[in-house]
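Content type TSV, C-alpha atoms and all ligand atoms, from the file work-v7.tsv:
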chain	number	residue	atom	x	y	z
A	1	MET	CA	36.84	159.00	53.04
A	2	SER	CA	36.06	156.98	49.90
A	3	LYS	CA	34.76	153.41	50.08
A	4	LEU	CA	38.15	152.14	48.90
A	5	GLU	CA	40.01	154.15	51.54
A	6	GLN	CA	37.71	152.75	54.22
A	7	LEU	CA	38.11	149.17	53.05
A	8	TRP	CA	41.91	149.20	53.03
A	9	ARG	CA	42.44	151.63	55.91
A	10	ARG	CA	44.07	148.98	58.16
A	11	GLY	CA	46.39	148.10	55.30
A	12	THR	CA	47.45	151.68	54.55
A	13	GLU	CA	47.93	152.32	58.27
A	14	LEU	CA	50.21	149.32	58.64
A	15	LEU	CA	52.23	150.09	55.52
A	16	GLY	CA	52.21	153.88	55.87
A	17	SER	CA	51.45	154.17	52.15
A	18	LYS	CA	48.66	155.94	50.25
A	19	TYR	CA	47.34	152.71	48.74
A	20	ALA	CA	47.40	149.22	50.29
A	21	ILE	CA	49.02	147.78	47.18
A	22	MET	CA	52.27	145.97	47.89
A	23	GLY	CA	54.71	145.33	45.07
A	24	GLY	CA	55.67	141.75	45.94
A	25	ALA	CA	59.41	141.15	46.28
A	26	MET	CA	60.78	139.50	43.14
A	27	SER	CA	64.39	138.27	43.15
A	28	TRP	CA	66.56	140.29	40.73
A	29	VAL	CA	63.57	142.47	39.75
A	30	SER	CA	62.67	144.14	43.05
A	31	GLU	CA	65.72	146.32	43.53
A	32	ARG	CA	66.16	150.03	44.20
A	33	ASN	CA	64.56	151.33	40.97
A	34	LEU	CA	61.33	149.35	40.99
A	35	VAL	CA	60.91	149.44	44.77
A	36	SER	CA	61.31	153.23	45.02
A	37	ALA	CA	59.07	153.79	41.96
A	38	ILE	CA	56.25	151.71	43.47
A	39	SER	CA	56.52	153.56	46.79
A	40	ASN	CA	56.75	156.95	45.09
A	41	ALA	CA	53.57	156.11	43.15
A	42	GLY	CA	51.65	155.55	46.40
A	43	GLY	CA	52.07	151.76	46.62
A	44	PHE	CA	54.48	149.87	48.86
A	45	GLY	CA	57.66	148.54	47.27
A	46	VAL	CA	59.52	145.58	48.78
A	47	ILE	CA	63.20	144.79	48.19
A	48	ALA	CA	63.90	141.11	47.46
A	49	ALA	CA	66.93	140.28	49.60
A	50	SER	CA	66.87	136.78	48.14
A	51	SER	CA	70.38	135.26	48.45
A	52	MET	CA	72.15	138.63	48.87
A	53	PRO	CA	74.98	138.76	51.42
A	54	PRO	CA	74.47	141.37	54.19
A	55	GLU	CA	76.74	144.02	52.61
A	56	ARG	CA	74.83	143.84	49.29
A	57	LEU	CA	71.51	144.22	51.09
A	58	LEU	CA	72.83	147.23	52.99
A	59	GLU	CA	73.90	148.84	49.72
A	60	GLU	CA	70.47	148.17	48.16
A	61	ILE	CA	68.57	149.61	51.13
A	62	LYS	CA	70.73	152.76	51.17
A	63	ALA	CA	70.27	153.22	47.41
A	64	THR	CA	66.50	152.81	47.74
A	65	GLN	CA	66.39	155.33	50.59
A	66	ALA	CA	68.19	157.78	48.33
A	67	LEU	CA	65.41	157.40	45.72
A	68	THR	CA	62.36	157.64	47.97
A	69	THR	CA	61.28	159.14	51.27
A	70	LYS	CA	58.19	156.91	51.25
A	71	PRO	CA	58.03	153.67	53.26
A	72	PHE	CA	59.14	150.40	51.69
A	73	GLY	CA	59.86	146.90	52.99
A	74	VAL	CA	62.58	144.27	52.81
A	75	ASN	CA	61.72	140.64	52.05
A	76	LEU	CA	64.01	138.16	53.84
A	77	ILE	CA	64.08	134.45	53.10
A	78	THR	CA	63.99	132.61	56.45
A	79	MET	CA	66.40	129.85	55.36
A	80	HIS	CA	69.11	132.30	54.26
A	81	PRO	CA	72.28	131.14	56.08
A	82	GLN	CA	72.95	134.71	57.27
A	83	ILE	CA	69.37	135.62	58.19
A	84	ARG	CA	70.41	137.05	61.57
A	85	GLU	CA	72.95	139.37	59.95
A	86	LEU	CA	70.35	140.44	57.37
A	87	ILE	CA	67.93	141.35	60.16
A	88	GLU	CA	70.73	143.40	61.76
A	89	VAL	CA	71.34	145.20	58.45
A	90	CYS	CA	67.63	146.12	58.37
A	91	ARG	CA	67.86	147.40	61.94
A	92	ALA	CA	71.01	149.41	61.31
A	93	SER	CA	69.54	151.05	58.21
A	94	ASN	CA	66.18	151.91	59.84
A	95	VAL	CA	64.05	149.64	57.68
A	96	SER	CA	60.43	150.15	58.73
A	97	HIS	CA	58.91	146.87	57.46
A	98	VAL	CA	60.32	143.34	57.24
A	99	VAL	CA	58.55	140.62	55.27
A	100	PHE	CA	59.61	137.04	56.08
A	101	ALA	CA	59.21	134.55	53.24
A	102	GLY	CA	60.20	130.94	52.52
A	103	GLY	CA	58.83	128.95	55.43
A	104	LEU	CA	57.56	129.65	58.93
A	105	ALA	CA	59.60	132.43	60.54
A	106	LYS	CA	61.10	131.44	63.91
A	107	ILE	CA	59.91	133.38	66.97
A	108	GLU	CA	63.50	134.55	67.38
A	109	PHE	CA	63.48	136.22	63.93
A	110	ILE	CA	60.06	137.82	64.44
A	111	ASP	CA	61.07	139.10	67.90
A	112	ALA	CA	64.34	140.53	66.57
A	113	ALA	CA	62.64	142.32	63.66
A	114	LYS	CA	59.77	143.57	65.81
A	115	THR	CA	62.11	145.62	67.96
A	116	PHE	CA	62.59	148.07	65.08
A	117	ALA	CA	60.04	147.27	62.31
A	118	LYS	CA	56.57	146.07	61.45
A	119	VAL	CA	56.69	142.37	60.61
A	120	ILE	CA	54.64	140.74	57.87
A	121	CYS	CA	54.67	136.98	57.15
A	122	PHE	CA	53.16	134.61	54.59
A	123	ALA	CA	50.39	132.33	55.85
A	124	PRO	CA	49.72	129.34	53.58
A	125	ALA	CA	46.86	128.03	55.78
A	126	LEU	CA	44.60	129.23	58.61
A	127	VAL	CA	46.46	127.25	61.31
A	128	VAL	CA	49.71	128.88	60.25
A	129	ALA	CA	48.04	132.31	60.23
A	130	LYS	CA	46.89	131.78	63.83
A	131	LYS	CA	50.35	130.55	64.87
A	132	LEU	CA	51.99	133.63	63.31
A	133	ILE	CA	49.51	135.95	65.04
A	134	LYS	CA	50.47	134.32	68.37
A	135	ARG	CA	54.11	134.92	67.46
A	136	GLY	CA	53.28	138.61	67.20
A	137	VAL	CA	53.27	139.45	63.48
A	138	ASP	CA	51.74	142.78	62.46
A	139	GLY	CA	50.28	141.60	59.16
A	140	LEU	CA	49.86	138.54	56.95
A	141	ILE	CA	50.05	137.79	53.24
A	142	ILE	CA	48.05	134.92	51.81
A	143	GLU	CA	49.39	133.89	48.40
A	144	GLY	CA	47.61	131.46	46.12
A	145	MET	CA	49.06	129.12	43.53
A	146	GLU	CA	48.20	131.49	40.66
A	147	ALA	CA	51.23	133.53	41.77
A	148	GLY	CA	54.60	133.64	40.07
A	149	GLY	CA	57.70	132.03	41.57
A	150	HIS	CA	57.60	129.48	44.42
A	151	ILE	CA	54.03	128.52	45.16
A	152	GLY	CA	51.84	126.46	47.45
A	153	PRO	CA	49.11	124.07	46.38
A	154	VAL	CA	45.97	126.14	47.10
A	155	SER	CA	44.36	128.81	44.89
A	156	THR	CA	43.98	132.42	45.98
A	157	SER	CA	40.17	132.31	45.90
A	158	VAL	CA	40.05	129.29	48.23
A	159	LEU	CA	42.70	130.68	50.63
A	160	ALA	CA	40.77	133.96	50.77
A	161	GLN	CA	37.55	132.18	51.73
A	162	GLU	CA	39.30	129.93	54.24
A	163	ILE	CA	41.32	132.62	55.95
A	164	LEU	CA	39.79	136.10	55.59
A	165	PRO	CA	36.59	135.50	57.62
A	166	HIS	CA	38.63	134.01	60.49
A	167	VAL	CA	41.48	136.50	60.85
A	168	THR	CA	40.51	139.82	62.36
A	169	GLU	CA	43.53	140.35	64.63
A	170	VAL	CA	45.87	141.73	61.95
A	171	PRO	CA	45.49	143.10	58.41
A	172	VAL	CA	45.67	140.45	55.67
A	173	PHE	CA	47.02	141.11	52.15
A	174	VAL	CA	45.91	138.86	49.29
A	175	ALA	CA	48.40	137.85	46.57
A	176	GLY	CA	48.45	135.68	43.49
A	177	GLY	CA	46.59	136.15	40.24
A	178	ILE	CA	45.60	139.79	40.69
A	179	GLY	CA	45.80	141.81	37.48
A	180	ARG	CA	42.92	144.26	37.78
A	181	GLY	CA	41.44	146.58	40.39
A	182	GLU	CA	38.02	144.91	40.33
A	183	ALA	CA	39.64	141.82	41.89
A	184	ILE	CA	41.29	144.04	44.50
A	185	ALA	CA	37.89	145.52	45.40
A	186	ASN	CA	36.38	142.05	45.70
A	187	TYR	CA	39.09	140.77	48.06
A	188	LEU	CA	38.76	143.92	50.17
A	189	GLN	CA	35.02	143.35	50.42
A	190	MET	CA	35.74	139.81	51.58
A	191	GLY	CA	37.78	141.21	54.47
A	192	ALA	CA	41.27	141.74	53.09
A	193	SER	CA	43.07	144.95	54.06
A	194	GLY	CA	45.23	145.11	50.96
A	195	VAL	CA	46.84	143.17	48.16
A	196	GLN	CA	50.26	142.18	46.85
A	197	LEU	CA	51.03	142.04	43.13
A	198	GLY	CA	54.22	140.81	41.50
A	199	SER	CA	53.87	139.99	37.79
A	200	LYS	CA	51.98	143.20	37.07
A	201	PHE	CA	55.09	145.26	37.98
A	202	VAL	CA	57.68	143.27	36.00
A	203	CYS	CA	57.15	145.31	32.84
A	204	ALA	CA	57.14	148.69	34.56
A	205	HIS	CA	59.39	151.26	32.85
A	206	GLU	CA	61.28	151.44	36.15
A	207	SER	CA	61.89	147.68	36.27
A	208	VAL	CA	65.45	146.61	35.38
A	209	ALA	CA	64.26	143.29	33.94
A	210	HIS	CA	65.88	142.63	30.54
A	211	GLU	CA	63.95	143.70	27.43
A	212	ASN	CA	63.59	140.02	26.39
A	213	PHE	CA	62.04	139.19	29.77
A	214	LYS	CA	59.54	142.04	29.44
A	215	LYS	CA	58.71	141.17	25.81
A	216	LEU	CA	57.99	137.55	26.74
A	217	PHE	CA	55.75	138.73	29.59
A	218	ILE	CA	53.79	140.95	27.22
A	219	ARG	CA	53.40	138.10	24.68
A	220	SER	CA	52.37	135.46	27.23
A	221	ALA	CA	48.89	134.31	28.21
A	222	ALA	CA	47.81	132.95	31.60
A	223	ARG	CA	48.13	129.37	30.34
A	224	ASP	CA	51.80	129.89	29.42
A	225	ALA	CA	52.71	130.33	33.10
A	226	GLY	CA	52.93	126.69	34.15
A	227	VAL	CA	54.12	124.89	37.28
A	228	SER	CA	57.34	122.85	37.38
A	229	VAL	CA	56.57	119.13	37.09
A	230	GLN	CA	57.83	116.48	39.51
A	231	LEU	CA	58.39	113.14	37.74
A	232	ASP	CA	59.06	110.85	40.69
A	233	ALA	CA	57.64	110.91	44.23
A	234	ASP	CA	61.10	109.93	45.58
A	235	PHE	CA	62.70	113.03	44.06
A	236	PRO	CA	60.82	116.11	45.26
A	237	VAL	CA	60.66	119.22	43.10
A	238	ILE	CA	59.69	122.56	44.63
A	239	PRO	CA	56.69	123.89	42.66
A	240	VAL	CA	57.61	127.06	40.77
A	241	ARG	CA	55.34	128.92	38.34
A	242	ALA	CA	57.18	130.22	35.27
A	243	ILE	CA	56.62	130.70	31.55
A	244	ASN	CA	57.09	127.37	29.76
A	245	ASN	CA	60.28	127.47	27.66
A	246	LYS	CA	63.21	125.28	26.55
A	247	ALA	CA	64.51	125.12	30.14
A	248	THR	CA	61.17	123.59	31.24
A	249	GLU	CA	61.64	120.75	28.73
A	250	GLU	CA	65.30	120.35	29.65
A	251	PHE	CA	64.40	120.16	33.34
A	252	ASN	CA	62.00	117.29	32.69
A	253	ARG	CA	64.71	115.54	30.62
A	254	CYS	CA	67.25	116.18	33.39
A	255	GLN	CA	64.92	114.58	35.95
A	256	ARG	CA	64.27	111.55	33.70
A	257	ASP	CA	68.01	110.99	32.96
A	258	THR	CA	69.12	111.57	36.56
A	259	ILE	CA	66.52	109.21	37.99
A	260	ALA	CA	67.56	106.58	35.38
A	261	GLU	CA	71.20	107.02	36.46
A	262	PHE	CA	70.13	106.47	40.07
A	263	HIS	CA	68.24	103.27	39.18
A	264	ALA	CA	71.25	102.06	37.16
A	265	GLY	CA	73.40	102.48	40.30
A	266	LYS	CA	75.53	105.26	38.74
A	267	LEU	CA	74.41	107.92	41.24
A	268	SER	CA	73.50	107.82	44.93
A	269	LYS	CA	70.02	109.06	45.87
A	270	GLU	CA	71.52	112.19	47.48
A	271	ALA	CA	73.67	112.96	44.45
A	272	ALA	CA	70.67	112.49	42.14
A	273	GLN	CA	68.48	114.78	44.25
A	274	LEU	CA	71.23	117.40	44.35
A	275	LYS	CA	71.66	117.25	40.56
A	276	ILE	CA	67.92	117.86	40.09
A	277	GLU	CA	67.92	120.72	42.62
A	278	HIS	CA	70.98	122.25	40.99
A	279	PHE	CA	69.32	122.47	37.58
A	280	TRP	CA	67.74	125.86	38.29
A	281	ALA	CA	70.74	127.44	40.06
A	282	GLY	CA	71.26	130.91	38.64
A	283	ALA	CA	68.39	130.42	36.18
A	284	LEU	CA	66.28	133.42	37.28
A	285	ARG	CA	69.24	135.77	36.99
A	286	ARG	CA	70.01	134.35	33.54
A	287	ALA	CA	66.50	135.30	32.37
A	288	VAL	CA	65.92	138.58	34.26
A	289	ILE	CA	69.38	140.13	33.89
A	290	ASP	CA	71.04	138.38	30.92
A	291	GLY	CA	67.80	138.13	28.92
A	292	ASP	CA	68.19	134.40	28.14
A	293	VAL	CA	64.48	133.63	28.31
A	294	GLU	CA	64.84	130.18	26.71
A	295	ARG	CA	67.50	128.70	29.02
A	296	GLY	CA	66.62	130.76	32.11
A	297	SER	CA	63.68	130.72	34.49
A	298	VAL	CA	60.98	133.23	33.53
A	299	MET	CA	59.04	133.17	36.78
A	300	ALA	CA	55.57	134.60	36.20
A	301	GLY	CA	52.11	134.35	37.66
A	302	GLN	CA	48.95	133.56	35.72
A	303	SER	CA	48.19	137.28	35.85
A	304	VAL	CA	50.93	137.63	33.19
A	305	GLY	CA	48.09	137.48	30.65
A	306	MET	CA	46.94	140.85	31.94
A	307	VAL	CA	50.35	142.44	31.38
A	308	THR	CA	49.95	143.87	27.90
A	309	ALA	CA	52.29	146.86	27.73
A	310	GLU	CA	55.21	148.60	29.42
A	311	GLN	CA	53.84	151.26	31.75
A	312	SER	CA	55.18	153.39	34.56
A	313	CYS	CA	54.50	152.25	38.13
A	314	ALA	CA	52.29	155.31	38.58
A	315	GLU	CA	50.19	154.33	35.54
A	316	ILE	CA	49.87	150.73	36.74
A	317	ILE	CA	48.85	151.76	40.26
A	318	ASN	CA	46.48	154.54	39.15
A	319	GLU	CA	44.76	152.14	36.76
A	320	LEU	CA	44.32	149.52	39.50
A	321	VAL	CA	42.92	152.13	41.89
A	322	ALA	CA	40.49	153.49	39.26
A	323	GLN	CA	39.27	149.97	38.46
A	324	ALA	CA	38.80	149.19	42.17
A	325	GLU	CA	36.88	152.43	42.70
A	326	GLY	CA	34.73	151.73	39.63
A	327	GLN	CA	33.89	148.29	40.95
A	328	LEU	CA	32.93	149.63	44.39
A	329	LYS	CA	30.61	152.24	42.84
A	330	ASN	CA	28.48	149.39	41.50
A	331	PHE	CA	27.69	148.15	45.00
B	401	LIG	C1	59.99	136.86	38.86
B	401	LIG	C2	59.42	136.63	40.24
B	401	LIG	C3	60.28	136.50	41.34
B	401	LIG	C4	59.76	136.35	42.64
B	401	LIG	N1	60.63	136.29	43.70
B	401	LIG	C5	60.13	136.26	44.98
B	401	LIG	C6	61.01	136.31	46.11
B	401	LIG	O1	62.24	136.41	45.97
B	401	LIG	N2	60.46	136.28	47.36
B	401	LIG	C7	59.10	136.21	47.55
B	401	LIG	O2	58.63	136.19	48.70
B	401	LIG	N3	58.24	136.16	46.49
B	401	LIG	C8	58.72	136.19	45.23
B	401	LIG	N4	57.85	136.21	44.16
B	401	LIG	C9	56.38	136.31	44.43
B	401	LIG	C10	55.91	137.79	44.43
B	401	LIG	O3	56.46	138.51	45.51
B	401	LIG	C11	54.38	137.93	44.51
B	401	LIG	O4	53.90	137.48	45.76
B	401	LIG	C12	53.67	137.17	43.41
B	401	LIG	O5	54.26	137.50	42.18
B	401	LIG	C13	52.18	137.53	43.40
B	401	LIG	O6	51.52	136.91	42.36
B	401	LIG	P1	51.26	137.61	40.92
B	401	LIG	O7	52.55	137.47	40.18
B	401	LIG	O8	50.16	136.83	40.34
B	401	LIG	O9	50.91	139.06	41.18
B	401	LIG	C14	58.35	136.31	42.85
B	401	LIG	C15	57.50	136.43	41.73
B	401	LIG	C16	57.99	136.59	40.46
B	401	LIG	C17	57.03	136.74	39.29
Since I need it in another form, could you write the structure as structure tokens?
Ligand SMILES: Cc1cc2nc3c(=O)[nH]c(=O)nc-3n(C[C@H](O)[C@H](O)[C@H](O)COP(=O)(O)O)c2cc1C
Amino acid sequence: MSKLEQLWRRGTELLGSKYAIMGGAMSWVSERNLVSAISNAGGFGVIAASSMPPERLLEEIKATQALTTKPFGVNLITMHPQIRELIEVCRASNVSHVVFAGGLAKIEFIDAAKTFAKVICFAPALVVAKKLIKRGVDGLIIEGMEAGGHIGPVSTSVLAQEILPHVTEVPVFVAGGIGRGEAIANYLQMGASGVQLGSKFVCAHESVAHENFKKLFIRSAARDAGVSVQLDADFPVIPVRAINNKATEEFNRCQRDTIAEFHAGKLSKEAAQLKIEHFWAGALRRAVIDGDVERGSVMAGQSVGMVTAEQSCAEIINELVAQAEGQLKNF
């Protein structure tokens, strides 16, 4: 067994994949084609159920199963209004792994999913990790603020130091800001059992993301992937990392104008907050599917700077594995 295989053995055992490299669920991007391609290449693809209704998720799972015999997971957002039905869809279609995202998963959800699948949850802090272990999860993901999409406040390197030495009960996967295999090797040596990458897979040949979305990814540097700005403490904005574009500027203008309308008595506080929240509705789809990368949301992690060409999932994964092995040979 190679050093790499030893280091991520708990991860590969939990996932049932050749490599403990998860392709993080990305709304609109992580559908049947990308998910099956990642799993077929030896990684572990994850469908982003996002806001899908149950019948759409069922269709996506069936289509993915038709494209791969390898294991893959389904990422469910805990605040989805039909979360219970989505869990049932996963059960009925023999999904082997459920990943709960978007807030602490209730015991009820974990218990329901555990009757038929392995359950993996995000832990944004050590206390949450311990709570989730008590609730019976089979694995954890720690995702730092370098990641694309919705993010927490702490960097991957700090989370890894705070959590990895203190969690031995279940395998932990590190996510956020990983673009090369050397970084994978380093996190494994710190105690991780695997990793999760999102941005690195957006420009895969098998990804259905619009050509404009992929081109912008390839052109962008780490510093272009900024975090949404909140202008007023009374009007919270969920932090999202995306490539700065016209929509970013318009969002800041929207916040300024809406807050001014509130102060002028033209809008209630609730209506103002709703208007700000509504700004991004449908924006990711607009960028990923329609290719409007100026008016849409181009969610991307800082690792976008290390996405320099369109490649197949197999090429991406083989390169990461070779880099990780190269790094481990030096120690
Ligand atoms: C375009 C995009 C959409 C995403 N959508 C989701 C999502 O629906 N659910 C989720 O749990 N994470 C989502 N993420 C986070 C990824 O699953 C992954 O954890 C993250 O991209 C890892 O950081 P990296 O991009 O630096 O590799 C998204 C990320 C991106 C770039």
Protein and nucleic acid residues within 8 Å of ligand LIG 401 (chain B) (only C-alpha atoms and all ligand atoms) as a PyMOL selection string: chain A and resi 23-29+48-50+75-77+99-102+143-144+146-150+175-179+196-200+202+242+284+288+298-304
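Closest to Lys246 in chain A among A:Leu328, A:Ala185, A:Leu159, A:Val293 is A:Val293, based on only C-alpha atoms.
The interatomic distance for the pair CA of Gly139 in chain A and CA of Leu86 in chain A works out to 20.2 Å.
Compared by their closest atoms to Glu249 in chain A, and using only C-alpha atoms, the residues A:Ser268, A:Asn212, A:Ser297, A:Thr69 rank with A:Ser297 nearest.
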Atom pair CA of Asp257 in chain A / CA of Ile276 in chain A: separation (Å): 9.9 Å
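Comparing A:Gly326, A:Gly16, A:Pro124, A:Gly305 by their smallest distance to Ala221 in chain A, the closest is A:Gly305 (using all atoms listed in the file).
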Two-atom distance - CA of Phe72 in chain A, CA of Val95 in chain A (Å): 7.8 Å
